[in-house]
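Colleague: Contents of model-v8.tsv (TSV, C-alpha atoms):
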chain	number	residue	atom	x	y	z
A	1	MET	CA	-18.03	13.80	14.28
A	2	LEU	CA	-15.65	12.30	11.72
A	3	THR	CA	-13.51	14.98	10.09
A	4	ILE	CA	-11.86	14.54	6.69
A	5	TRP	CA	-9.01	16.99	6.10
A	6	THR	CA	-8.09	18.07	2.58
A	7	TYR	CA	-6.47	21.11	0.96
A	8	ASP	CA	-8.27	24.46	0.83
A	9	TRP	CA	-7.61	24.68	-2.90
A	10	VAL	CA	-5.80	22.80	-5.69
A	11	PRO	CA	-5.15	23.69	-9.37
A	12	GLU	CA	-7.74	22.60	-11.96
A	13	GLY	CA	-5.75	19.54	-13.09
A	14	PRO	CA	-6.08	17.30	-10.02
A	15	ARG	CA	-9.64	18.32	-9.13
A	16	GLY	CA	-11.86	15.27	-9.07
A	17	HIS	CA	-8.82	13.11	-8.30
A	18	VAL	CA	-7.63	14.46	-4.93
A	19	ARG	CA	-7.65	11.58	-2.50
A	20	ASP	CA	-10.09	12.96	0.03
A	21	LEU	CA	-12.57	11.74	-2.62
A	22	ARG	CA	-11.87	8.12	-1.59
A	23	LEU	CA	-12.91	8.89	1.98
A	24	ARG	CA	-15.94	10.97	1.02
A	25	TRP	CA	-17.00	8.05	-1.20
A	26	ALA	CA	-16.68	5.54	1.64
A	27	CYS	CA	-18.69	7.75	4.00
A	28	GLU	CA	-21.39	8.25	1.37
A	29	GLU	CA	-21.59	4.48	0.72
A	30	ALA	CA	-21.94	3.68	4.42
A	31	GLY	CA	-24.07	6.66	5.43
A	32	LEU	CA	-21.42	7.88	7.88
A	33	ASP	CA	-21.70	11.51	8.97
A	34	TYR	CA	-18.61	13.54	8.19
A	35	GLU	CA	-17.38	17.09	7.89
A	36	VAL	CA	-14.58	18.35	5.66
A	37	LYS	CA	-11.90	20.77	6.90
A	38	SER	CA	-8.98	22.30	5.05
A	39	VAL	CA	-5.26	22.88	5.38
A	40	SER	CA	-3.44	25.33	3.13
A	41	PHE	CA	-2.24	23.93	-0.20
A	42	GLN	CA	0.20	26.80	-0.73
A	43	ASN	CA	1.67	27.00	2.77
A	44	ARG	CA	2.14	23.63	4.42
A	45	GLY	CA	3.22	24.33	7.96
A	46	ALA	CA	4.54	22.39	10.93
A	47	GLU	CA	1.03	21.63	12.19
A	48	HIS	CA	0.20	19.99	8.87
A	49	PHE	CA	3.39	17.90	8.83
A	50	ALA	CA	2.71	16.84	12.43
A	51	ARG	CA	-0.48	15.20	11.20
A	52	GLN	CA	0.71	14.09	7.75
A	53	PRO	CA	4.51	13.65	7.71
A	54	PHE	CA	4.74	13.92	3.91
A	55	GLY	CA	2.78	17.19	3.76
A	56	GLN	CA	-0.07	15.54	1.89
A	57	ILE	CA	-3.75	14.96	2.43
A	58	PRO	CA	-6.14	13.40	3.32
A	59	PHE	CA	-6.05	12.62	6.99
A	60	ILE	CA	-8.96	12.04	9.31
A	61	GLU	CA	-9.83	12.72	12.92
A	62	ASP	CA	-12.39	10.60	14.69
A	63	ASP	CA	-13.11	10.55	18.40
A	64	GLY	CA	-9.57	11.42	19.45
A	65	VAL	CA	-7.79	9.24	16.90
A	66	SER	CA	-6.14	10.57	13.76
A	67	VAL	CA	-5.14	8.55	10.70
A	68	PHE	CA	-3.22	9.56	7.57
A	69	GLU	CA	-2.79	7.76	4.20
A	70	SER	CA	-6.00	7.31	2.23
A	71	GLY	CA	-5.58	3.52	2.21
A	72	ALA	CA	-5.24	3.44	6.00
A	73	CYS	CA	-8.23	5.76	6.39
A	74	LEU	CA	-10.32	3.46	4.18
A	75	LEU	CA	-9.42	0.41	6.26
A	76	TYR	CA	-10.18	2.38	9.43
A	77	LEU	CA	-13.59	3.44	8.06
A	78	ALA	CA	-14.25	-0.11	6.84
A	79	GLY	CA	-14.31	-1.21	10.48
A	80	LYS	CA	-17.40	0.93	10.99
A	81	SER	CA	-19.75	-0.63	8.45
A	82	GLU	CA	-20.42	-3.96	6.75
A	83	LEU	CA	-21.34	-1.90	3.70
A	84	LEU	CA	-17.60	-1.24	3.36
A	85	MET	CA	-16.17	-4.62	4.44
A	86	PRO	CA	-17.85	-7.89	5.40
A	87	ASN	CA	-17.19	-8.77	9.03
A	88	ASP	CA	-16.65	-12.49	8.49
A	89	ARG	CA	-12.99	-13.60	8.54
A	90	LYS	CA	-12.86	-14.60	4.88
A	91	GLY	CA	-14.61	-11.50	3.54
A	92	ALA	CA	-12.48	-9.22	5.71
A	93	ALA	CA	-9.28	-10.95	4.57
A	94	GLU	CA	-10.30	-10.60	0.91
A	95	THR	CA	-11.06	-6.91	1.39
A	96	LEU	CA	-7.72	-6.37	3.10
A	97	GLU	CA	-5.68	-8.17	0.42
A	98	TRP	CA	-7.37	-6.26	-2.41
A	99	VAL	CA	-6.95	-2.90	-0.66
A	100	ILE	CA	-3.23	-3.62	-0.43
A	101	ALA	CA	-3.12	-4.96	-4.00
A	102	ALA	CA	-4.65	-1.70	-5.25
A	103	LEU	CA	-2.01	0.29	-3.37
A	104	ASN	CA	1.05	-1.86	-3.82
A	105	SER	CA	0.59	-4.06	-6.91
A	106	ILE	CA	-1.31	-1.61	-9.14
A	107	GLU	CA	-0.83	1.98	-7.93
A	108	LEU	CA	2.86	1.31	-7.19
A	109	VAL	CA	3.37	0.93	-10.94
A	110	THR	CA	0.58	3.05	-12.44
A	111	VAL	CA	1.36	6.29	-10.57
A	112	PRO	CA	5.10	6.37	-11.43
A	113	TRP	CA	4.20	5.22	-14.98
A	114	TRP	CA	1.67	8.06	-15.28
A	115	PHE	CA	4.11	10.57	-13.75
A	116	ILE	CA	6.89	9.62	-16.19
A	117	GLY	CA	4.38	9.77	-19.07
A	118	LEU	CA	3.66	13.43	-18.29
A	119	SER	CA	7.11	14.31	-19.66
A	120	GLY	CA	6.00	13.21	-23.13
A	121	GLU	CA	9.05	10.95	-23.60
A	122	PRO	CA	8.01	8.12	-25.95
A	123	ASP	CA	9.87	5.36	-24.09
A	124	ASN	CA	8.46	4.86	-20.62
A	125	PRO	CA	10.76	2.52	-18.65
A	126	LEU	CA	7.74	1.31	-16.64
A	127	GLN	CA	5.58	0.47	-19.70
A	128	ASP	CA	5.98	-3.32	-19.78
A	129	TRP	CA	5.70	-3.75	-16.03
A	130	THR	CA	2.54	-1.62	-15.91
A	131	MET	CA	0.91	-3.49	-18.79
A	132	GLN	CA	1.70	-6.86	-17.17
A	133	ARG	CA	0.11	-5.86	-13.88
A	134	LEU	CA	-2.99	-4.43	-15.60
A	135	GLN	CA	-3.32	-7.60	-17.68
A	136	HIS	CA	-3.36	-9.78	-14.55
A	137	LEU	CA	-5.98	-7.51	-13.01
A	138	GLU	CA	-8.03	-7.62	-16.22
A	139	THR	CA	-8.16	-11.42	-15.90
A	140	VAL	CA	-9.57	-11.09	-12.38
A	141	LEU	CA	-12.09	-8.39	-13.27
A	142	ALA	CA	-13.35	-10.36	-16.28
A	143	GLY	CA	-14.67	-12.92	-13.81
A	144	ARG	CA	-16.33	-10.90	-11.07
A	145	GLU	CA	-18.43	-7.82	-10.42
A	146	TRP	CA	-16.52	-6.63	-7.32
A	147	LEU	CA	-13.14	-7.64	-5.96
A	148	ALA	CA	-13.77	-9.00	-2.47
A	149	GLY	CA	-16.30	-10.77	-0.28
A	150	GLY	CA	-18.98	-10.99	-2.99
A	151	GLN	CA	-19.99	-7.36	-2.45
A	152	PHE	CA	-18.87	-3.78	-3.05
A	153	THR	CA	-16.15	-2.89	-0.50
A	154	VAL	CA	-13.49	-0.27	0.21
A	155	ALA	CA	-11.21	-2.36	-2.02
A	156	ASP	CA	-13.41	-1.35	-4.95
A	157	ILE	CA	-13.34	2.31	-3.94
A	158	LEU	CA	-9.57	2.17	-3.96
A	159	MET	CA	-9.07	0.06	-7.08
A	160	ALA	CA	-11.64	2.00	-9.12
A	161	ASP	CA	-10.06	5.29	-8.06
A	162	VAL	CA	-6.60	3.99	-9.03
A	163	LEU	CA	-7.87	2.78	-12.42
A	164	ARG	CA	-9.93	5.86	-13.33
A	165	VAL	CA	-6.77	7.99	-13.61
A	166	PRO	CA	-6.79	9.18	-17.25
A	167	LYS	CA	-5.19	6.75	-19.73
A	168	VAL	CA	-4.73	3.84	-17.33
A	169	THR	CA	-7.46	1.53	-18.62
A	170	GLN	CA	-6.98	2.99	-22.13
A	171	ALA	CA	-3.30	2.00	-22.14
A	172	GLY	CA	-4.07	-1.48	-23.47
A	173	ASP	CA	-6.91	-3.87	-24.19
A	174	PHE	CA	-8.63	-3.88	-20.81
A	175	PRO	CA	-12.40	-3.95	-21.43
A	176	ALA	CA	-13.34	-5.64	-18.15
A	177	SER	CA	-11.31	-3.10	-16.18
A	178	ALA	CA	-12.90	-0.21	-18.05
A	179	ALA	CA	-16.37	-1.66	-17.40
A	180	TYR	CA	-15.49	-2.11	-13.72
A	181	VAL	CA	-14.49	1.54	-13.41
A	182	ALA	CA	-17.69	2.64	-15.16
A	183	ARG	CA	-19.75	0.40	-12.85
A	184	ALA	CA	-18.10	1.78	-9.71
A	185	CYS	CA	-18.34	5.41	-10.81
A	186	ALA	CA	-22.03	5.01	-11.67
A	187	ARG	CA	-22.80	4.53	-7.97
A	188	PRO	CA	-24.66	7.47	-6.41
A	189	ALA	CA	-22.11	7.63	-3.57
A	190	PHE	CA	-19.30	8.25	-6.06
A	191	LYS	CA	-21.20	11.12	-7.67
A	192	LYS	CA	-21.92	12.70	-4.28
A	193	ALA	CA	-18.26	12.43	-3.30
A	194	TYR	CA	-17.08	13.81	-6.64
A	195	ASP	CA	-19.52	16.72	-6.59
A	196	GLY	CA	-18.59	17.43	-2.98
A	197	GLN	CA	-14.91	17.68	-3.84
A	198	MET	CA	-15.51	19.89	-6.88
A	199	ALA	CA	-17.71	22.24	-4.84
A	200	HIS	CA	-15.09	22.39	-2.08
A	201	PHE	CA	-12.32	23.51	-4.43
A	202	ALA	CA	-14.65	25.93	-6.25
A	203	LYS	CA	-15.24	27.55	-2.88
A	204	GLY	CA	-11.44	27.74	-2.54
A	205	ASP	CA	-11.30	29.71	-5.82
A	206	ALA	CA	-13.69	32.28	-4.36
A	207	ASN	CA	-11.64	32.81	-1.19
B	1	MET	CA	-0.85	-24.23	11.46
B	2	LEU	CA	-0.06	-20.97	9.70
B	3	THR	CA	1.51	-21.61	6.29
B	4	ILE	CA	3.67	-19.06	4.48
B	5	TRP	CA	3.98	-19.74	0.75
B	6	THR	CA	7.05	-18.65	-1.16
B	7	TYR	CA	8.93	-19.75	-4.30
B	8	ASP	CA	10.88	-23.03	-4.35
B	9	TRP	CA	13.90	-21.18	-5.71
B	10	VAL	CA	15.00	-17.72	-6.86
B	11	PRO	CA	18.22	-16.46	-8.49
B	12	GLU	CA	21.02	-15.25	-6.19
B	13	GLY	CA	20.20	-11.53	-6.65
B	14	PRO	CA	16.89	-11.31	-4.77
B	15	ARG	CA	17.81	-13.79	-2.01
B	16	GLY	CA	17.50	-12.15	1.37
B	17	HIS	CA	14.97	-9.70	-0.09
B	18	VAL	CA	12.11	-12.00	-1.17
B	19	ARG	CA	9.04	-10.83	0.64
B	20	ASP	CA	8.22	-13.99	2.54
B	21	LEU	CA	10.99	-12.61	4.79
B	22	ARG	CA	8.59	-9.95	6.09
B	23	LEU	CA	6.16	-12.63	7.24
B	24	ARG	CA	8.82	-14.91	8.70
B	25	TRP	CA	10.12	-11.86	10.61
B	26	ALA	CA	6.67	-11.07	12.03
B	27	CYS	CA	6.15	-14.68	13.12
B	28	GLU	CA	9.58	-14.78	14.76
B	29	GLU	CA	8.90	-11.50	16.61
B	30	ALA	CA	5.57	-12.72	17.92
B	31	GLY	CA	6.51	-16.36	18.51
B	32	LEU	CA	3.85	-17.58	16.09
B	33	ASP	CA	4.27	-21.13	14.82
B	34	TYR	CA	4.52	-21.32	11.04
B	35	GLU	CA	5.56	-23.60	8.25
B	36	VAL	CA	6.90	-22.60	4.84
B	37	LYS	CA	5.69	-24.20	1.59
B	38	SER	CA	6.72	-23.55	-1.98
B	39	VAL	CA	5.28	-22.86	-5.40
B	40	SER	CA	7.40	-23.13	-8.53
B	41	PHE	CA	9.35	-20.01	-9.47
B	42	GLN	CA	9.90	-21.21	-13.04
B	43	ASN	CA	6.41	-22.52	-13.80
B	44	ARG	CA	3.62	-20.43	-12.31
B	45	GLY	CA	0.42	-22.31	-12.94
B	46	ALA	CA	-3.29	-21.67	-12.64
B	47	GLU	CA	-3.35	-22.90	-9.04
B	48	HIS	CA	-0.75	-20.28	-8.12
B	49	PHE	CA	-2.62	-17.46	-9.90
B	50	ALA	CA	-5.84	-18.55	-8.18
B	51	ARG	CA	-4.18	-17.75	-4.85
B	52	GLN	CA	-2.03	-14.81	-5.95
B	53	PRO	CA	-3.55	-13.11	-9.01
B	54	PHE	CA	-0.26	-11.44	-10.02
B	55	GLY	CA	1.73	-14.69	-9.92
B	56	GLN	CA	3.81	-13.48	-7.01
B	57	ILE	CA	4.51	-14.56	-3.46
B	58	PRO	CA	4.07	-14.54	-0.50
B	59	PHE	CA	0.59	-15.62	0.43
B	60	ILE	CA	-0.52	-17.29	3.63
B	61	GLU	CA	-3.07	-19.84	4.69
B	62	ASP	CA	-4.41	-19.87	8.22
B	63	ASP	CA	-7.36	-21.84	9.50
B	64	GLY	CA	-9.28	-21.80	6.23
B	65	VAL	CA	-8.48	-18.22	5.28
B	66	SER	CA	-5.91	-17.24	2.68
B	67	VAL	CA	-4.34	-13.79	2.25
B	68	PHE	CA	-2.00	-12.45	-0.45
B	69	GLU	CA	0.12	-9.26	-0.55
B	70	SER	CA	2.84	-9.07	2.08
B	71	GLY	CA	1.38	-5.84	3.51
B	72	ALA	CA	-2.03	-7.46	3.93
B	73	CYS	CA	-0.46	-10.57	5.47
B	74	LEU	CA	1.42	-8.39	7.98
B	75	LEU	CA	-1.77	-6.59	9.02
B	76	TYR	CA	-3.53	-9.96	9.30
B	77	LEU	CA	-0.73	-11.36	11.48
B	78	ALA	CA	-0.68	-8.14	13.53
B	79	GLY	CA	-4.18	-9.00	14.72
B	80	LYS	CA	-2.73	-12.07	16.47
B	81	SER	CA	-0.22	-10.40	18.80
B	82	GLU	CA	0.32	-7.13	20.65
B	83	LEU	CA	4.01	-7.66	19.95
B	84	LEU	CA	3.15	-6.74	16.34
B	85	MET	CA	0.52	-4.03	16.90
B	86	PRO	CA	-0.83	-2.43	20.08
B	87	ASN	CA	-4.50	-3.21	20.56
B	88	ASP	CA	-5.54	0.24	21.78
B	89	ARG	CA	-7.31	2.39	19.17
B	90	LYS	CA	-4.56	4.97	18.90
B	91	GLY	CA	-1.68	2.50	18.69
B	92	ALA	CA	-3.54	0.37	16.14
B	93	ALA	CA	-4.33	3.43	14.00
B	94	GLU	CA	-0.69	4.53	14.07
B	95	THR	CA	0.47	1.06	13.07
B	96	LEU	CA	-2.05	0.97	10.23
B	97	GLU	CA	-1.11	4.40	8.85
B	98	TRP	CA	2.61	3.61	8.91
B	99	VAL	CA	2.12	0.22	7.26
B	100	ILE	CA	0.30	1.98	4.44
B	101	ALA	CA	2.86	4.82	4.35
B	102	ALA	CA	5.65	2.25	3.90
B	103	LEU	CA	3.75	0.65	1.01
B	104	ASN	CA	2.25	3.68	-0.70
B	105	SER	CA	4.33	6.77	0.20
B	106	ILE	CA	7.80	5.19	0.29
B	107	GLU	CA	7.84	1.88	-1.62
B	108	LEU	CA	5.61	3.35	-4.35
B	109	VAL	CA	8.51	5.63	-5.28
B	110	THR	CA	11.58	3.65	-4.14
B	111	VAL	CA	10.81	0.42	-6.02
B	112	PRO	CA	10.19	2.07	-9.44
B	113	TRP	CA	13.19	4.39	-8.75
B	114	TRP	CA	15.36	1.35	-7.96
B	115	PHE	CA	14.03	-0.55	-10.99
B	116	ILE	CA	14.78	2.34	-13.38
B	117	GLY	CA	18.21	2.72	-11.77
B	118	LEU	CA	19.09	-0.86	-12.77
B	119	SER	CA	19.34	0.29	-16.40
B	120	GLY	CA	22.35	2.45	-15.50
B	121	GLU	CA	20.85	5.56	-17.14
B	122	PRO	CA	22.24	8.59	-15.29
B	123	ASP	CA	18.99	10.58	-15.30
B	124	ASN	CA	16.35	8.86	-13.23
B	125	PRO	CA	12.98	10.60	-13.76
B	126	LEU	CA	11.95	9.57	-10.22
B	127	GLN	CA	15.08	10.94	-8.50
B	128	ASP	CA	13.68	14.18	-7.06
B	129	TRP	CA	10.40	12.64	-5.95
B	130	THR	CA	12.21	9.77	-4.22
B	131	MET	CA	14.64	12.06	-2.42
B	132	GLN	CA	11.77	14.30	-1.23
B	133	ARG	CA	9.89	11.35	0.26
B	134	LEU	CA	13.00	9.95	1.93
B	135	GLN	CA	13.80	13.38	3.38
B	136	HIS	CA	10.36	13.65	4.99
B	137	LEU	CA	10.80	10.16	6.43
B	138	GLU	CA	14.28	11.07	7.69
B	139	THR	CA	12.73	13.94	9.68
B	140	VAL	CA	10.32	11.50	11.34
B	141	LEU	CA	12.97	8.86	12.07
B	142	ALA	CA	15.33	11.46	13.56
B	143	GLY	CA	12.78	11.88	16.35
B	144	ARG	CA	11.74	8.38	17.31
B	145	GLU	CA	13.03	4.84	17.78
B	146	TRP	CA	10.09	3.06	16.11
B	147	LEU	CA	7.30	4.41	13.90
B	148	ALA	CA	4.06	3.63	15.70
B	149	GLY	CA	2.50	3.15	19.10
B	150	GLY	CA	5.72	3.68	21.04
B	151	GLN	CA	6.91	0.14	20.31
B	152	PHE	CA	8.27	-2.07	17.52
B	153	THR	CA	5.38	-3.06	15.20
B	154	VAL	CA	4.70	-4.59	11.79
B	155	ALA	CA	5.04	-1.04	10.42
B	156	ASP	CA	8.74	-1.22	11.34
B	157	ILE	CA	9.12	-4.65	9.71
B	158	LEU	CA	7.70	-3.21	6.50
B	159	MET	CA	9.47	0.15	6.54
B	160	ALA	CA	12.85	-1.34	7.48
B	161	ASP	CA	12.49	-3.94	4.74
B	162	VAL	CA	11.62	-1.24	2.20
B	163	LEU	CA	14.58	0.92	3.28
B	164	ARG	CA	17.18	-1.86	3.43
B	165	VAL	CA	17.02	-2.34	-0.36
B	166	PRO	CA	20.58	-1.57	-1.54
B	167	LYS	CA	21.29	2.12	-2.23
B	168	VAL	CA	18.02	3.50	-0.80
B	169	THR	CA	19.35	5.01	2.43
B	170	GLN	CA	22.70	5.66	0.70
B	171	ALA	CA	21.01	7.76	-2.00
B	172	GLY	CA	21.19	10.94	0.09
B	173	ASP	CA	22.04	12.21	3.53
B	174	PHE	CA	19.77	10.02	5.64
B	175	PRO	CA	21.67	9.05	8.80
B	176	ALA	CA	18.58	8.54	10.98
B	177	SER	CA	17.02	6.26	8.36
B	178	ALA	CA	20.24	4.25	8.04
B	179	ALA	CA	20.45	3.91	11.84
B	180	TYR	CA	16.80	2.82	11.94
B	181	VAL	CA	17.43	0.07	9.39
B	182	ALA	CA	20.50	-1.09	11.33
B	183	ARG	CA	18.49	-1.10	14.57
B	184	ALA	CA	15.66	-3.14	13.04
B	185	CYS	CA	17.96	-5.61	11.33
B	186	ALA	CA	19.91	-6.18	14.56
B	187	ARG	CA	16.84	-7.81	16.10
B	188	PRO	CA	17.21	-11.58	16.59
B	189	ALA	CA	13.89	-12.17	14.80
B	190	PHE	CA	15.20	-10.51	11.64
B	191	LYS	CA	18.28	-12.73	11.65
B	192	LYS	CA	16.18	-15.88	12.11
B	193	ALA	CA	13.91	-14.83	9.25
B	194	TYR	CA	16.82	-13.95	6.99
B	195	ASP	CA	18.70	-17.16	7.72
B	196	GLY	CA	15.49	-19.13	7.20
B	197	GLN	CA	14.96	-17.65	3.77
B	198	MET	CA	18.57	-18.18	2.71
B	199	ALA	CA	18.45	-21.82	3.84
B	200	HIS	CA	15.15	-22.34	1.99
B	201	PHE	CA	16.55	-21.15	-1.34
B	202	ALA	CA	19.82	-23.05	-0.82
B	203	LYS	CA	17.69	-26.17	-0.49
B	204	GLY	CA	16.08	-25.16	-3.79
B	205	ASP	CA	19.52	-25.14	-5.43
B	206	ALA	CA	20.04	-28.73	-4.36
B	207	ASN	CA	16.73	-29.96	-5.80
Re-express the file's structure as structure tokens.

Modeller:
Amino acid sequence: MLTIWTYDWVPEGPRGHVRDLRLRWACEEAGLDYEVKSVSFQNRGAEHFARQPFGQIPFIEDDGVSVFESGACLLYLAGKSELLMPNDRKGAAETLEWVIAALNSIELVTVPWWFIGLSGEPDNPLQDWTMQRLQHLETVLAGREWLAGGQFTVADILMADVLRVPKVTQAGDFPASAAYVARACARPAFKKAYDGQMAHFAKGDAN
Amino acid sequence: MLTIWTYDWVPEGPRGHVRDLRLRWACEEAGLDYEVKSVSFQNRGAEHFARQPFGQIPFIEDDGVSVFESGACLLYLAGKSELLMPNDRKGAAETLEWVIAALNSIELVTVPWWFIGLSGEPDNPLQDWTMQRLQHLETVLAGREWLAGGQFTVADILMADVLRVPKVTQAGDFPASAAYVARACARPAFKKAYDGQMAHFAKGDAN
């Protein structure tokens, strides 16, 4: 059985955006059986750091292998189903490059930009860089339904999850990107993953 | 023939750090034949954006498949040689998770932190976050020679290249990380890759 590890509880703010959602979403898309287990959010011990060296989540266990980093987990899961990544060389290469682009060309700027924006300072030193990257992505998304291989893939799970962070697609004139996020999040597998995460943390409130 | 695409020329500052170096390094480690071709640094046209949607480099072409994003190219090349990634499930999973950790847990903070630091402002809003991530990595590197699979892999190419950016390992008390970078950069394949990039851009000066 594939196990997805997440926190037992998080504050209200990040609920619906904790990154185990990406892995739940992939499993729901591909019809992969999975269970969800928890590590303590408040007390991150040595056993947790042994499996995730930055004290974060998610990480997965599957048939004796463990993997941390949500992007790595998605690529690992993608190897299990053509519903997550085509298995022809070209389609697989496109999925891989767009997974990495989501992590390293978009999220590398949008997460620090978002984090700095939380302070309320009017001048964000990452503003121009972030808008440039989002504009290039907008050009791509204006011309296609999904990023890679002519189908929905793990690259779309990752990119849509990166872009649906509040204010990202609203930070400029990015209608194709906003429509892409809406299209991805309208998928039944997204809703199942989202509801699953919300129920998990609600259970954490009760404990 | 595997082709690595880079710019025809860059200013002095980034030379030795342009990311085609990561791919040259991997090819030199694994003994993969490759050629290097150039796109214009000054004039990035539609043909360039069609192959790299953010107008950056590197991207590769190999037997009819093209891949952009240096991290994606490294994972693609890793599939060609056990000298870059073990082919057992556990070793491959470890390589994958550390490639993504280098891109998304370390470089995601160090590159924006470095970029903001260029302005000379004394208060960097990413300082604490960056130091926390580097401290966790320091703990890992204090206990092992290479990151994944008990051998040198593409994860080390990526992590060492991320950490060798000036001032990163000097930003705190990170002796194991500094020793790791020195160990990686002492490899003959790194020197060949570095010298190759420097010679390429010197040729660009002459044209």

Colleague: Give me the residues near stretch 28-34 of chain A as a list in words, where near means some atom within 8 Å (using all atoms listed in the file) and where sequence neighbours in that chain fewer than 4 positions away do not count.

Modeller: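 Everything that qualifies: Met1, Leu2, Thr3, Ile4, Arg24, Ser81, Leu83, Leu84, Ala189, Phe190, Lys192 and Ala193 of chain A.
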
Colleague: Could you please determine the separation between atom CA of B:Ala160 and atom CA of A:Ile100 in Å, to one decimal place?

Modeller: 18.1 Å

Colleague: Identify the residues within 7 Å of coordinate (-9.7, -0.7, 0.7) (same frame as the file), considering only C-alpha atoms, and give the answer as an MDAnalysis selection string.

Modeller: chainID A and resid 71 74:75 95:96 98:99 153:158

Colleague: Place a sphere of radius 6 Å on (-6.3, 16.5, 2.7) in the file coordinates and name every protein, DNA or RNA residue with an atom inside or on its surface, counting all atoms listed in the file; give the answer as a PyMOL selection string.

Modeller: chain A and resi 5-7+20+57-59

Colleague: Can you pull out the residues contacting stretch 195-206 of chain B? Cut-off 10 Å, using all atoms listed in the file, and skip same-chain residues under 5 positions away; I want them as a short mmCIF file (atom, residue, chain, number, x, y, z; two decimals) with C-alpha atoms, in the frame of the given file.

Modeller:
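Output (part01.cif):
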data_model
loop_
_atom_site.label_atom_id
_atom_site.label_comp_id
_atom_site.auth_asym_id
_atom_site.auth_seq_id
_atom_site.Cartn_x
_atom_site.Cartn_y
_atom_site.Cartn_z
CA THR B 6 7.05 -18.65 -1.16
CA TYR B 7 8.93 -19.75 -4.30
CA ASP B 8 10.88 -23.03 -4.35
CA TRP B 9 13.90 -21.18 -5.71
CA VAL B 10 15.00 -17.72 -6.86
CA PRO B 11 18.22 -16.46 -8.49
CA GLU B 12 21.02 -15.25 -6.19
CA ARG B 15 17.81 -13.79 -2.01
CA GLY B 16 17.50 -12.15 1.37
CA HIS B 17 14.97 -9.70 -0.09
CA VAL B 18 12.11 -12.00 -1.17
CA ARG B 19 9.04 -10.83 0.64
CA ASP B 20 8.22 -13.99 2.54
CA LEU B 21 10.99 -12.61 4.79
CA ARG B 24 8.82 -14.91 8.70
CA TRP B 25 10.12 -11.86 10.61
CA VAL B 36 6.90 -22.60 4.84
CA LYS B 37 5.69 -24.20 1.59
CA SER B 38 6.72 -23.55 -1.98
CA ALA B 189 13.89 -12.17 14.80
CA PHE B 190 15.20 -10.51 11.64
#

Colleague: Have a look at A:Gly45, A:Pro125, A:Gly120, A:Pro14 and name the one nearest to chain B; count only C-alpha atoms.

Modeller: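 Among the listed residues, A:Pro125 lies closest to chain B.
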
Colleague: Find the residues of chain B in contact range of chain A, meaning any atom within 8 Å when counting all atoms listed in the file, and list them as a count of residues only.

Modeller: 32

Colleague: Counting all atoms listed in the file, figure out which residue out of A:Asp62, A:Asp161, A:Asp173, A:Glu47 gets nearest to A:Tyr194.

Modeller: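 Looking only at the distances to A:Tyr194, the closest residue turns out to be A:Asp161.
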
Colleague: What is the atom CA of B:Asp128-atom CA of A:Gly117 distance in Å, reported with one decimal?

Modeller: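 Those two atoms sit 15.8 Å apart.
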
Colleague: If we count only C-alpha atoms, what is near stretch 175-188 of chain A at a cut-off of 7 Å, once residues fewer than 4 positions away on the same chain are taken out, given as a VMD selection string?

Modeller: chain A and resid 138 141 to 142 160 163 to 164 169 192

Colleague: Hey, can you check how far atom CA of A:Trp114 sits from atom CA of B:Pro122?

Modeller: 20.6 Å

Colleague: Is it possible to add N, CA and C atoms to stretch 20-29 of chain B and hand it back as an mmCIF file, keeping the file's coordinate frame?

Modeller:
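The file below, out.cif, is the result:
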data_model
loop_
_atom_site.group_PDB
_atom_site.id
_atom_site.type_symbol
_atom_site.label_atom_id
_atom_site.label_comp_id
_atom_site.auth_asym_id
_atom_site.auth_seq_id
_atom_site.Cartn_x
_atom_site.Cartn_y
_atom_site.Cartn_z
ATOM 1 N N ASP B 20 8.631 -13.099 1.448
ATOM 2 C CA ASP B 20 8.220 -13.990 2.540
ATOM 3 C C ASP B 20 9.013 -13.656 3.802
ATOM 4 N N LEU B 21 10.171 -12.993 3.636
ATOM 5 C CA LEU B 21 10.990 -12.610 4.790
ATOM 6 C C LEU B 21 10.200 -11.733 5.765
ATOM 7 N N ARG B 22 9.377 -10.830 5.221
ATOM 8 C CA ARG B 22 8.590 -9.950 6.090
ATOM 9 C C ARG B 22 7.666 -10.758 7.019
ATOM 10 N N LEU B 23 7.123 -11.834 6.470
ATOM 11 C CA LEU B 23 6.160 -12.630 7.240
ATOM 12 C C LEU B 23 6.878 -13.550 8.222
ATOM 13 N N ARG B 24 8.000 -14.131 7.769
ATOM 14 C CA ARG B 24 8.820 -14.910 8.700
ATOM 15 C C ARG B 24 9.225 -14.025 9.886
ATOM 16 N N TRP B 25 9.660 -12.805 9.582
ATOM 17 C CA TRP B 25 10.120 -11.860 10.610
ATOM 18 C C TRP B 25 8.990 -11.595 11.621
ATOM 19 N N ALA B 26 7.804 -11.329 11.120
ATOM 20 C CA ALA B 26 6.670 -11.070 12.030
ATOM 21 C C ALA B 26 6.393 -12.279 12.920
ATOM 22 N N CYS B 27 6.407 -13.463 12.333
ATOM 23 C CA CYS B 27 6.150 -14.680 13.120
ATOM 24 C C CYS B 27 7.234 -14.889 14.177
ATOM 25 N N GLU B 28 8.486 -14.621 13.799
ATOM 26 C CA GLU B 28 9.580 -14.780 14.760
ATOM 27 C C GLU B 28 9.471 -13.757 15.894
ATOM 28 N N GLU B 29 9.075 -12.524 15.563
ATOM 29 C CA GLU B 29 8.900 -11.500 16.610
ATOM 30 C C GLU B 29 7.822 -11.907 17.614
#
